[in-house]
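Enquirer: My structure file entry.cif, mmCIF, C-alpha atoms, is below:
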```cif
data_start
#
loop_
_atom_site.label_atom_id
_atom_site.label_comp_id
_atom_site.auth_asym_id
_atom_site.auth_seq_id
_atom_site.Cartn_x
_atom_site.Cartn_y
_atom_site.Cartn_z
CA MET Y 5 -21.61 -90.11 15.32
CA ASN Y 6 -18.27 -89.82 13.49
CA LYS Y 7 -14.98 -89.93 15.32
CA LYS Y 8 -14.17 -86.25 14.85
CA THR Y 9 -17.46 -85.14 16.41
CA LEU Y 10 -17.00 -87.57 19.29
CA TYR Y 11 -13.47 -86.33 19.99
CA ILE Y 12 -14.69 -82.72 20.03
CA LEU Y 13 -17.51 -83.62 22.44
CA ILE Y 14 -15.12 -85.52 24.71
CA PHE Y 15 -12.65 -82.62 24.83
CA THR Y 16 -15.38 -80.02 25.38
CA THR Y 17 -17.35 -81.86 28.07
CA THR Y 18 -14.20 -82.95 29.94
CA LEU Y 19 -12.81 -79.42 29.95
CA LEU Y 20 -16.18 -78.11 31.14
CA SER Y 21 -16.35 -80.74 33.89
CA VAL Y 22 -12.82 -79.93 35.10
CA PHE Y 23 -13.62 -76.20 35.15
CA THR Y 24 -16.88 -76.59 37.10
CA HIS Y 25 -15.34 -79.10 39.51
CA PHE Y 26 -12.49 -76.80 40.55
CA PHE Y 27 -13.90 -73.31 40.01
CA ILE Y 28 -17.73 -73.48 40.33
CA GLU Y 29 -19.34 -74.05 43.72
CA SER Y 30 -22.71 -75.21 42.39
CA GLU Y 31 -22.99 -78.94 43.11
CA VAL Y 32 -25.81 -79.29 40.59
CA MET Y 33 -23.61 -77.84 37.82
CA GLN Y 34 -20.72 -80.08 38.86
CA PHE Y 35 -23.04 -83.11 38.73
CA ILE Y 36 -24.47 -82.22 35.30
CA THR Y 37 -21.08 -81.59 33.69
CA ALA Y 38 -19.66 -84.80 35.22
CA CYS Y 39 -22.63 -86.70 33.76
CA LEU Y 40 -22.06 -85.21 30.30
CA SER Y 41 -18.36 -85.98 30.37
CA LEU Y 42 -19.02 -89.50 31.65
CA LEU Y 43 -21.47 -90.12 28.80
CA THR Y 44 -18.97 -89.08 26.12
CA TRP Y 45 -16.16 -91.18 27.61
CA ALA Y 46 -18.54 -94.14 27.97
CA THR Y 47 -19.47 -93.72 24.30
CA LEU Y 48 -15.79 -93.87 23.34
CA LEU Y 49 -15.47 -96.91 25.58
CA GLY Y 50 -18.33 -98.56 23.71
CA LYS Y 51 -16.92 -97.80 20.25
CA ALA Y 52 -13.43 -99.01 21.21
CA THR Y 53 -14.86 -102.23 22.60
CA GLU Y 54 -16.93 -102.72 19.46
CA SER Y 55 -13.67 -102.54 17.54
CA VAL Y 56 -12.11 -105.14 19.85
CA ALA Y 57 -15.21 -107.32 19.32
CA LEU Y 58 -14.48 -107.48 15.59
CA TYR Y 59 -10.98 -108.75 16.32
CA ALA Y 60 -12.08 -111.20 19.04
CA GLY Y 61 -15.34 -112.60 17.57
CA GLU Y 62 -18.95 -112.41 18.73
CA ARG Y 63 -18.76 -114.36 22.01
CA LEU Y 64 -15.46 -113.05 23.37
CA GLY Y 65 -16.11 -109.61 21.89
CA GLY Y 66 -19.54 -109.45 23.50
CA PHE Y 67 -18.05 -110.53 26.83
CA LEU Y 68 -15.33 -107.88 26.62
CA ASN Y 69 -17.91 -105.25 25.69
CA ALA Y 70 -20.13 -106.18 28.63
CA THR Y 71 -17.12 -106.20 30.97
CA PHE Y 72 -15.74 -102.82 29.96
CA GLY Y 73 -19.27 -101.43 29.75
CA ASN Y 74 -19.78 -102.48 33.37
CA ALA Y 75 -16.49 -100.87 34.39
CA ALA Y 76 -18.28 -97.54 34.85
CA GLU Y 77 -21.01 -99.21 36.92
CA LEU Y 78 -18.46 -101.00 39.12
CA ILE Y 79 -16.36 -97.87 39.60
CA ILE Y 80 -19.39 -95.75 40.52
CA SER Y 81 -20.55 -98.43 42.97
CA ILE Y 82 -17.15 -98.58 44.68
CA PHE Y 83 -17.20 -94.83 45.28
CA LEU Y 84 -20.77 -95.14 46.59
CA LEU Y 85 -19.58 -97.88 48.96
CA LYS Y 86 -16.81 -95.60 50.25
CA GLU Y 87 -19.49 -93.03 51.08
CA GLY Y 88 -21.59 -95.69 52.84
CA LEU Y 89 -24.49 -95.29 50.39
CA PHE Y 90 -25.48 -98.98 50.39
CA ASP Y 91 -29.11 -98.38 49.38
CA MET Y 92 -27.97 -96.45 46.32
CA VAL Y 93 -25.45 -99.19 45.45
CA LYS Y 94 -28.19 -101.81 45.50
CA ALA Y 95 -30.52 -99.52 43.55
CA SER Y 96 -27.83 -98.97 40.92
CA ILE Y 97 -27.29 -102.76 40.66
CA THR Y 98 -31.03 -103.19 40.20
CA GLY Y 99 -31.15 -100.40 37.64
CA SER Y 100 -28.21 -101.83 35.71
CA ILE Y 101 -29.82 -105.27 35.49
CA ILE Y 102 -33.24 -104.03 34.37
CA GLY Y 103 -31.66 -101.33 32.21
CA ASN Y 104 -29.69 -103.86 30.22
CA LEU Y 105 -32.51 -106.41 29.99
CA LEU Y 106 -35.19 -103.87 29.07
CA LEU Y 107 -33.68 -100.61 27.77
CA VAL Y 108 -30.47 -101.77 26.06
CA LEU Y 109 -31.93 -105.02 24.72
CA GLY Y 110 -35.21 -103.29 23.84
CA LEU Y 111 -33.53 -100.53 21.83
CA SER Y 112 -31.24 -103.07 20.13
CA LEU Y 113 -34.15 -105.28 19.05
CA PHE Y 114 -36.18 -102.26 17.94
CA PHE Y 115 -33.54 -100.53 15.79
CA GLY Y 116 -32.14 -103.82 14.51
CA GLY Y 117 -35.67 -105.02 13.69
CA LEU Y 118 -36.46 -101.86 11.75
CA LYS Y 119 -33.62 -102.68 9.38
CA PHE Y 120 -33.91 -106.49 9.36
CA LYS Y 121 -37.35 -108.13 9.57
CA VAL Y 122 -36.18 -111.11 11.68
CA GLN Y 123 -32.82 -111.44 13.39
CA LYS Y 124 -31.57 -114.79 14.69
CA PHE Y 125 -28.95 -115.77 17.22
CA ASN Y 126 -27.81 -118.89 19.07
CA SER Y 127 -30.92 -120.48 20.64
CA MET Y 128 -28.79 -122.75 22.85
CA LEU Y 129 -27.05 -119.70 24.29
CA ALA Y 130 -30.44 -118.05 24.80
CA GLY Y 131 -31.61 -121.06 26.81
CA HIS Y 132 -28.58 -120.92 29.09
CA ASN Y 133 -29.05 -117.17 29.54
CA VAL Y 134 -32.63 -117.80 30.70
CA SER Y 135 -31.40 -120.29 33.32
CA LEU Y 136 -28.76 -117.84 34.55
CA MET Y 137 -31.36 -115.06 34.80
CA MET Y 138 -33.49 -117.31 37.00
CA LEU Y 139 -30.42 -118.05 39.16
CA ALA Y 140 -29.89 -114.29 39.61
CA VAL Y 141 -33.51 -113.81 40.70
CA ILE Y 142 -33.28 -116.74 43.14
CA ALA Y 143 -29.99 -115.44 44.59
CA LEU Y 144 -31.62 -112.10 45.41
CA PHE Y 145 -35.05 -113.41 46.43
CA VAL Y 146 -34.01 -116.11 48.92
CA PRO Y 147 -31.90 -113.97 51.32
CA ALA Y 148 -34.49 -111.17 51.26
CA VAL Y 149 -37.18 -113.61 52.45
CA PHE Y 150 -35.22 -115.79 54.90
CA LEU Y 151 -32.90 -113.24 56.53
CA GLN Y 152 -35.38 -110.53 57.51
CA ASN Y 153 -35.19 -111.13 61.29
CA MET Y 154 -31.60 -112.31 61.54
CA THR Y 155 -28.76 -110.53 63.35
CA THR Y 156 -26.35 -108.34 61.40
CA ASP Y 157 -23.50 -110.84 61.84
CA THR Y 158 -25.65 -113.69 60.51
CA VAL Y 159 -26.82 -111.62 57.55
CA ASN Y 160 -23.25 -110.62 56.66
CA THR Y 161 -22.01 -114.22 56.95
CA VAL Y 162 -24.79 -115.57 54.73
CA SER Y 163 -24.20 -112.72 52.25
CA ILE Y 164 -20.54 -113.73 51.98
CA VAL Y 165 -21.47 -117.38 51.38
CA ILE Y 166 -24.03 -116.46 48.69
CA ALA Y 167 -21.61 -114.01 47.06
CA SER Y 168 -18.93 -116.73 47.01
CA VAL Y 169 -21.09 -119.35 45.29
CA LEU Y 170 -22.35 -116.79 42.76
CA LEU Y 171 -18.78 -115.86 41.85
CA ILE Y 172 -17.87 -119.54 41.51
CA GLY Y 173 -20.93 -120.12 39.35
CA TYR Y 174 -20.09 -117.13 37.15
CA PHE Y 175 -16.49 -118.21 36.52
CA LEU Y 176 -17.62 -121.77 35.82
CA TRP Y 177 -20.10 -120.33 33.28
CA LEU Y 178 -17.24 -118.52 31.55
CA TYR Y 179 -15.25 -121.76 31.45
CA PHE Y 180 -18.29 -123.67 30.16
CA SER Y 181 -19.21 -121.16 27.46
CA MET Y 182 -15.73 -120.24 26.27
CA VAL Y 183 -13.81 -123.50 26.73
CA THR Y 184 -15.72 -126.79 27.07
CA HIS Y 185 -18.73 -125.72 24.97
CA LYS Y 186 -17.15 -122.99 22.89
CA LYS Y 187 -18.15 -124.64 19.61
CA GLU Y 188 -21.80 -125.10 20.59
CA LEU Y 189 -22.14 -121.54 21.93
CA GLY Y 190 -19.65 -119.85 19.61
CA ASP Y 191 -19.66 -117.64 16.56
CA SER Y 192 -20.29 -120.31 13.93
CA ILE Y 193 -23.97 -120.81 14.86
CA ASP Y 194 -24.71 -117.26 15.96
CA GLY Y 195 -27.43 -116.73 13.34
CA ILE Y 196 -25.25 -115.36 10.54
CA PRO Y 197 -21.68 -116.17 9.44
CA ASN Y 198 -18.74 -114.20 10.70
CA PHE Y 199 -17.28 -111.36 8.71
CA ASP Y 200 -14.58 -112.45 6.32
CA GLU Y 201 -11.32 -110.52 6.43
CA LYS Y 202 -12.37 -108.07 3.68
CA GLU Y 203 -15.66 -107.24 5.42
CA LYS Y 204 -13.93 -106.99 8.78
CA ASP Y 205 -11.40 -104.47 7.44
CA ALA Y 206 -14.27 -102.36 6.10
CA HIS Y 207 -15.84 -102.13 9.59
CA LEU Y 208 -12.70 -101.55 11.64
CA GLU Y 209 -12.12 -97.99 12.83
CA TRP Y 210 -8.89 -98.55 14.77
CA SER Y 211 -6.08 -101.07 14.92
CA LYS Y 212 -6.11 -103.67 17.69
CA ARG Y 213 -3.42 -101.79 19.63
CA THR Y 214 -5.25 -98.46 19.30
CA SER Y 215 -8.55 -100.06 20.37
CA ILE Y 216 -6.97 -101.51 23.52
CA LEU Y 217 -5.24 -98.20 24.31
CA LEU Y 218 -8.54 -96.32 23.97
CA LEU Y 219 -10.20 -98.88 26.25
CA VAL Y 220 -7.64 -98.20 28.97
CA ILE Y 221 -7.71 -94.41 28.59
CA SER Y 222 -11.51 -94.19 28.52
CA THR Y 223 -11.79 -96.48 31.57
CA VAL Y 224 -9.44 -94.17 33.52
CA PHE Y 225 -11.48 -91.08 32.66
CA VAL Y 226 -14.74 -92.91 33.41
CA ALA Y 227 -13.30 -93.58 36.88
CA ILE Y 228 -12.39 -89.92 37.41
CA GLN Y 229 -15.78 -88.61 36.29
CA SER Y 230 -17.56 -91.30 38.33
CA GLU Y 231 -15.83 -90.13 41.51
CA TRP Y 232 -16.83 -86.52 40.83
CA LEU Y 233 -20.41 -87.56 40.05
CA VAL Y 234 -20.79 -89.57 43.27
CA HIS Y 235 -19.33 -86.70 45.32
CA ASN Y 236 -22.35 -84.54 44.46
CA ILE Y 237 -25.09 -87.10 44.02
CA GLU Y 238 -26.70 -86.85 47.47
CA SER Y 239 -27.00 -83.06 47.28
CA VAL Y 240 -28.45 -83.21 43.77
CA ALA Y 241 -30.97 -85.91 44.69
CA GLU Y 242 -32.09 -83.85 47.68
CA ALA Y 243 -32.32 -80.65 45.64
CA LEU Y 244 -34.45 -82.32 42.97
CA GLY Y 245 -36.59 -84.20 45.48
CA TRP Y 246 -35.72 -87.58 43.95
CA SER Y 247 -35.41 -90.73 46.07
CA GLU Y 248 -32.15 -92.67 46.33
CA LEU Y 249 -34.01 -95.61 44.77
CA PHE Y 250 -34.88 -93.69 41.61
CA VAL Y 251 -31.48 -91.99 41.34
CA GLY Y 252 -29.63 -95.27 41.75
CA ALA Y 253 -31.94 -97.48 39.68
CA PHE Y 254 -32.40 -95.17 36.72
CA LEU Y 255 -30.16 -92.09 36.61
CA ILE Y 256 -26.90 -93.78 37.64
CA ALA Y 257 -27.75 -96.97 35.75
CA ILE Y 258 -28.43 -95.15 32.48
CA ILE Y 259 -25.22 -93.14 32.76
CA GLY Y 260 -23.19 -96.19 33.83
CA ASN Y 261 -24.59 -98.29 30.96
CA ALA Y 262 -23.97 -95.74 28.22
CA ALA Y 263 -21.25 -97.92 26.71
CA GLU Y 264 -23.59 -100.91 26.38
CA HIS Y 265 -26.36 -98.68 24.98
CA SER Y 266 -24.31 -97.45 22.06
CA ALA Y 267 -22.37 -100.63 21.27
CA ALA Y 268 -25.35 -103.02 21.40
CA ILE Y 269 -27.56 -100.80 19.23
CA PHE Y 270 -24.83 -100.25 16.62
CA LEU Y 271 -24.16 -104.00 16.42
CA ALA Y 272 -27.86 -104.86 16.11
CA MET Y 273 -28.24 -102.37 13.25
CA LYS Y 274 -25.36 -104.18 11.49
CA ASN Y 275 -27.28 -107.49 11.91
CA ARG Y 276 -24.81 -108.61 14.60
CA ILE Y 277 -27.72 -109.42 16.90
CA GLY Y 278 -25.78 -112.24 18.58
CA ALA Y 279 -23.18 -109.80 19.88
CA ALA Y 280 -25.89 -107.26 20.79
CA VAL Y 281 -27.77 -109.84 22.88
CA GLU Y 282 -24.51 -111.02 24.43
CA ILE Y 283 -23.77 -107.43 25.49
CA ALA Y 284 -27.23 -106.66 26.90
CA VAL Y 285 -28.09 -109.98 28.54
CA GLY Y 286 -24.47 -110.86 29.32
CA SER Y 287 -24.01 -107.51 31.01
CA SER Y 288 -27.06 -108.06 33.24
CA LEU Y 289 -25.81 -111.50 34.19
CA GLN Y 290 -22.35 -110.12 34.88
CA ILE Y 291 -23.82 -107.46 37.17
CA ALA Y 292 -25.97 -109.99 39.07
CA LEU Y 293 -23.50 -112.86 39.27
CA PHE Y 294 -20.15 -111.04 39.40
CA VAL Y 295 -20.36 -107.31 40.17
CA ALA Y 296 -22.92 -107.55 43.01
CA PRO Y 297 -21.07 -110.41 44.79
CA ALA Y 298 -17.73 -108.70 44.20
CA LEU Y 299 -19.06 -105.52 45.83
CA VAL Y 300 -19.90 -107.55 48.95
CA PHE Y 301 -16.21 -108.50 49.27
CA ILE Y 302 -14.98 -105.02 48.29
CA SER Y 303 -17.14 -103.55 51.06
CA LEU Y 304 -15.34 -105.80 53.56
CA PHE Y 305 -11.95 -104.42 52.46
CA LEU Y 306 -13.33 -100.90 52.82
CA GLY Y 307 -14.40 -101.69 56.39
CA LYS Y 308 -18.08 -101.08 55.61
CA PRO Y 309 -19.74 -104.51 55.09
CA MET Y 310 -22.66 -104.53 52.68
CA ASP Y 311 -25.21 -107.35 52.78
CA ILE Y 312 -26.92 -108.88 49.76
CA ILE Y 313 -30.50 -108.20 50.91
CA PHE Y 314 -32.44 -106.14 48.35
CA THR Y 315 -35.80 -104.45 48.87
CA THR Y 316 -39.07 -105.94 47.66
CA TYR Y 317 -39.32 -103.22 44.99
CA GLU Y 318 -35.90 -104.10 43.62
CA ILE Y 319 -36.48 -107.87 43.60
CA VAL Y 320 -39.86 -107.51 41.87
CA ALA Y 321 -38.34 -105.21 39.23
CA ILE Y 322 -35.49 -107.66 38.51
CA ALA Y 323 -37.89 -110.63 38.40
CA VAL Y 324 -40.25 -108.83 35.98
CA ALA Y 325 -37.36 -107.82 33.71
CA ALA Y 326 -35.91 -111.34 33.73
CA PHE Y 327 -39.32 -112.87 32.97
CA ILE Y 328 -40.15 -110.69 29.95
CA ALA Y 329 -36.59 -110.80 28.56
CA SER Y 330 -36.49 -114.59 28.93
CA SER Y 331 -39.84 -115.09 27.20
CA ILE Y 332 -38.73 -112.94 24.28
CA SER Y 333 -35.19 -114.26 23.79
CA ARG Y 334 -35.57 -118.00 24.46
CA ASP Y 335 -36.44 -118.88 20.82
CA GLY Y 336 -33.27 -117.33 19.41
CA SER Y 337 -35.07 -114.92 17.06
CA THR Y 338 -36.13 -111.30 17.48
CA ASN Y 339 -38.06 -108.51 15.75
CA TRP Y 340 -38.74 -104.82 16.32
CA TYR Y 341 -42.05 -105.34 18.15
CA GLU Y 342 -40.39 -107.47 20.83
CA GLY Y 343 -38.10 -104.50 21.43
CA ILE Y 344 -41.16 -102.30 21.94
CA LEU Y 345 -42.53 -104.74 24.55
CA LEU Y 346 -39.29 -104.51 26.55
CA LEU Y 347 -39.30 -100.71 26.39
CA ILE Y 348 -42.92 -100.56 27.58
CA VAL Y 349 -42.03 -102.61 30.67
CA TYR Y 350 -39.04 -100.30 31.31
CA VAL Y 351 -41.30 -97.22 31.21
CA ILE Y 352 -43.76 -98.90 33.61
CA LEU Y 353 -40.99 -99.67 36.11
CA GLY Y 354 -39.45 -96.21 35.73
CA THR Y 355 -42.80 -94.58 36.47
CA VAL Y 356 -43.48 -96.53 39.66
CA PHE Y 357 -39.87 -96.15 40.88
CA PHE Y 358 -40.21 -92.38 40.49
CA VAL Y 359 -43.31 -92.15 42.70
CA VAL Y 360 -42.45 -94.69 45.45
#
```
Take the structure in the file and write it out as structure tokens.

Expert:
Amino acid sequence: MNKKTLYILIFTTTLLSVFTHFFIESEVMQFITACLSLLTWATLLGKATESVALYAGERLGGFLNATFGNAAELIISIFLLKEGLFDMVKASITGSIIGNLLLVLGLSLFFGGLKFKVQKFNSMLAGHNVSLMMLAVIALFVPAVFLQNMTTDTVNTVSIVIASVLLIGYFLWLYFSMVTHKKELGDSIDGIPNFDEKEKDAHLEWSKRTSILLLVISTVFVAIQSEWLVHNIESVAEALGWSELFVGAFLIAIIGNAAEHSAAIFLAMKNRIGAAVEIAVGSSLQIALFVAPALVFISLFLGKPMDIIFTTYEIVAIAVAAFIASSISRDGSTNWYEGILLLIVYVILGTVFFVV
């Protein structure tokens, strides 16, 4: 999609969303137009972050892309917390993790593999990602098993402790990967050499200042559209007969991850598979190890404490996604068929989530 078309879509969908929000009483129409506007702004967010990634390099660029891509997810979750919709928050966290590991990574490997027979990235980084995925599964599995019959105060206290150590572990991972072991996990052994300055200039769409400005603007509008979307989500789910689990795990997650979808796929098709994997897998890890724990603390400030106990369905889905993604990515090389395998698992989970 060229920039002119994207700008037209952003202007049109935003204008339509504003009109329906203030002048149309149909909550379904308000929800649909907010979704469309959110998707276009998230796409701009993804393209702007891709531009920043070219200035910052694969590792830092991928981290920034995952972070800004998760901004929509975090903002939506905060508004859900304010409404007391804890089950939908946890479902959206689950959906974001499996969506990135299966849908985003799957589409990236598939479209990148169609253009390049084998794509390689840092196998050492892949190994660490596998370990962090297992940590995320353990962090969700243990409290769900051990805290079933505990009092609310005990559950909330343990949730705070677990959230604290996960946040510490996440920030130490950032320090490890970007400071002490930057060379081992960095751009130079990411499968292909970095762009030289001439190649980089050919791929840049905006200046660094413009890219950062667009990141800020698109994040603000993502926040506005997220609030409008959440305002109508319960009524829409009830009208369509969809469960909170399915709405949170798939509908909200797909909309919230639109930035990662576009950016990771575009990078994979340019043979920047290292950055694509960093976005998809790094985003899942960021959701599990940073966003979910952060939401526990944010809920305390909102006066509505949320625990870290997920349902059996959610834990199984995350464990399955982590297992298949780990088995595919641990060797540091990918192809289009491995992308198909991830997408098949995503369809299986989506089907059972819809009927439960």

Enquirer: Could you state which residues are captured by the PyMOL selection byres ((chain Y and resi 236) around 12) in this file, as a ChimeraX atom specification?

Expert: /Y:25,29-39,83-84,87,229-235,237-243

Enquirer: For the residues in that selection, give me C-alpha atoms as a short mmCIF file (atom, residue, chain, number, x, y, z; two decimals), in the frame of the given file.

Expert:
```cif
data_model
loop_
_atom_site.label_atom_id
_atom_site.label_comp_id
_atom_site.auth_asym_id
_atom_site.auth_seq_id
_atom_site.Cartn_x
_atom_site.Cartn_y
_atom_site.Cartn_z
CA HIS Y 25 -15.34 -79.10 39.51
CA GLU Y 29 -19.34 -74.05 43.72
CA SER Y 30 -22.71 -75.21 42.39
CA GLU Y 31 -22.99 -78.94 43.11
CA VAL Y 32 -25.81 -79.29 40.59
CA MET Y 33 -23.61 -77.84 37.82
CA GLN Y 34 -20.72 -80.08 38.86
CA PHE Y 35 -23.04 -83.11 38.73
CA ILE Y 36 -24.47 -82.22 35.30
CA THR Y 37 -21.08 -81.59 33.69
CA ALA Y 38 -19.66 -84.80 35.22
CA CYS Y 39 -22.63 -86.70 33.76
CA PHE Y 83 -17.20 -94.83 45.28
CA LEU Y 84 -20.77 -95.14 46.59
CA GLU Y 87 -19.49 -93.03 51.08
CA GLN Y 229 -15.78 -88.61 36.29
CA SER Y 230 -17.56 -91.30 38.33
CA GLU Y 231 -15.83 -90.13 41.51
CA TRP Y 232 -16.83 -86.52 40.83
CA LEU Y 233 -20.41 -87.56 40.05
CA VAL Y 234 -20.79 -89.57 43.27
CA HIS Y 235 -19.33 -86.70 45.32
CA ILE Y 237 -25.09 -87.10 44.02
CA GLU Y 238 -26.70 -86.85 47.47
CA SER Y 239 -27.00 -83.06 47.28
CA VAL Y 240 -28.45 -83.21 43.77
CA ALA Y 241 -30.97 -85.91 44.69
CA GLU Y 242 -32.09 -83.85 47.68
CA ALA Y 243 -32.32 -80.65 45.64
#
```

Enquirer: Could you state which residues are captured by the PyMOL selection byres ((chain Y and resi 114) around 12) in this file, as a ChimeraX atom specification?

Expert: /Y:106-113,115-123,268-270,272-273,275,277,280,338-348

Enquirer: Between atom CA of Y:Leu170 and atom CA of Y:Thr98, what is the distance in Å, rounded to a tenth?

Expert: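 These atoms are spaced 16.3 Å apart.
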
Enquirer: I want to know what sits within 8 Å of stretch 140-153 of chain Y, based on all atoms listed in the file, with residues of the same chain fewer than 3 positions away left out; could you give that as a JSON list (two decimals) with C-alpha atoms, keeping the file's coordinate frame?

Expert:
```
[["chain", "number", "residue", "atom", "x", "y", "z"],
["Y", 136, "LEU", "CA", -28.76, -117.84, 34.55],
["Y", 137, "MET", "CA", -31.36, -115.06, 34.80],
["Y", 159, "VAL", "CA", -26.82, -111.62, 57.55],
["Y", 163, "SER", "CA", -24.20, -112.72, 52.25],
["Y", 166, "ILE", "CA", -24.03, -116.46, 48.69],
["Y", 170, "LEU", "CA", -22.35, -116.79, 42.76],
["Y", 289, "LEU", "CA", -25.81, -111.50, 34.19],
["Y", 292, "ALA", "CA", -25.97, -109.99, 39.07],
["Y", 293, "LEU", "CA", -23.50, -112.86, 39.27],
["Y", 312, "ILE", "CA", -26.92, -108.88, 49.76],
["Y", 313, "ILE", "CA", -30.50, -108.20, 50.91],
["Y", 314, "PHE", "CA", -32.44, -106.14, 48.35],
["Y", 315, "THR", "CA", -35.80, -104.45, 48.87],
["Y", 316, "THR", "CA", -39.07, -105.94, 47.66],
["Y", 319, "ILE", "CA", -36.48, -107.87, 43.60],
["Y", 322, "ILE", "CA", -35.49, -107.66, 38.51],
["Y", 323, "ALA", "CA", -37.89, -110.63, 38.40],
["Y", 326, "ALA", "CA", -35.91, -111.34, 33.73]]
```

Enquirer: Do you know which residues are at most 7 Å from Y:Ser96 counting only C-alpha atoms, after dropping those on the same chain fewer than 4 positions away, and could you put them as a list in words?

Expert: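 Here the qualifying residues turn out to be Met92, Ser100, Gly252, Ala253, Ile256 and Ala257 of chain Y.
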
Enquirer: Name the residues captured by the PyMOL selection byres ((chain Y and resi 7) around 12) when it is applied to the shown file; answer as a JSON list (two decimals) with C-alpha atoms, keeping the file's coordinate frame.

Expert:
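selection.json, written as the output of this step:
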```json
[["chain", "number", "residue", "atom", "x", "y", "z"],
["Y", 5, "MET", "CA", -21.61, -90.11, 15.32],
["Y", 6, "ASN", "CA", -18.27, -89.82, 13.49],
["Y", 8, "LYS", "CA", -14.17, -86.25, 14.85],
["Y", 9, "THR", "CA", -17.46, -85.14, 16.41],
["Y", 10, "LEU", "CA", -17.00, -87.57, 19.29],
["Y", 11, "TYR", "CA", -13.47, -86.33, 19.99],
["Y", 12, "ILE", "CA", -14.69, -82.72, 20.03],
["Y", 13, "LEU", "CA", -17.51, -83.62, 22.44],
["Y", 14, "ILE", "CA", -15.12, -85.52, 24.71],
["Y", 44, "THR", "CA", -18.97, -89.08, 26.12],
["Y", 47, "THR", "CA", -19.47, -93.72, 24.30],
["Y", 48, "LEU", "CA", -15.79, -93.87, 23.34],
["Y", 51, "LYS", "CA", -16.92, -97.80, 20.25],
["Y", 52, "ALA", "CA", -13.43, -99.01, 21.21],
["Y", 209, "GLU", "CA", -12.12, -97.99, 12.83],
["Y", 210, "TRP", "CA", -8.89, -98.55, 14.77]]
```

Enquirer: One decimal, Å: what's the distance from atom CA of Y:Phe358 over to atom CA of Y:Gly88, could you say?

Expert: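 These two atoms are separated by 22.6 Å.
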
Enquirer: Which of these, Y:Val356, Y:Ala267, Y:Leu105, Y:Ile228, has the shortest distance to Y:Leu49 once you count only C-alpha atoms?

Expert: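 Closest candidate: Y:Ala267.
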
Enquirer: Between atom CA of Y:Asn74 and atom CA of Y:Leu42, what is the distance, to one decimal in Å?

Expert: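 If I compute the distance from atom CA of Y:Asn74 to atom CA of Y:Leu42, I get 13.1 Å.
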
Enquirer: Name the closest residue to Y:Tyr350 among the candidates Y:Tyr59, Y:Glu318, Y:Ser81, Y:Ile102; distances are taken between atoms, counting all atoms listed in the file.

Expert: Y:Ile102

Enquirer: Would you mind telling me which residue in Y:Leu19, Y:Val93, Y:Leu271, Y:Met154 lies nearest to Y:Met310 when using all atoms listed in the file?

Expert: Y:Val93

Enquirer: Return the single residue from Y:Ser222, Y:Thr156, Y:Ser168, Y:Thr16 that is closest to Y:Ala296, with distances computed using all atoms listed in the file.

Expert: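 Checking each of Y:Ser222, Y:Thr156, Y:Ser168, Y:Thr16 against Y:Ala296, counting all atoms listed in the file, the winner is Y:Ser168.
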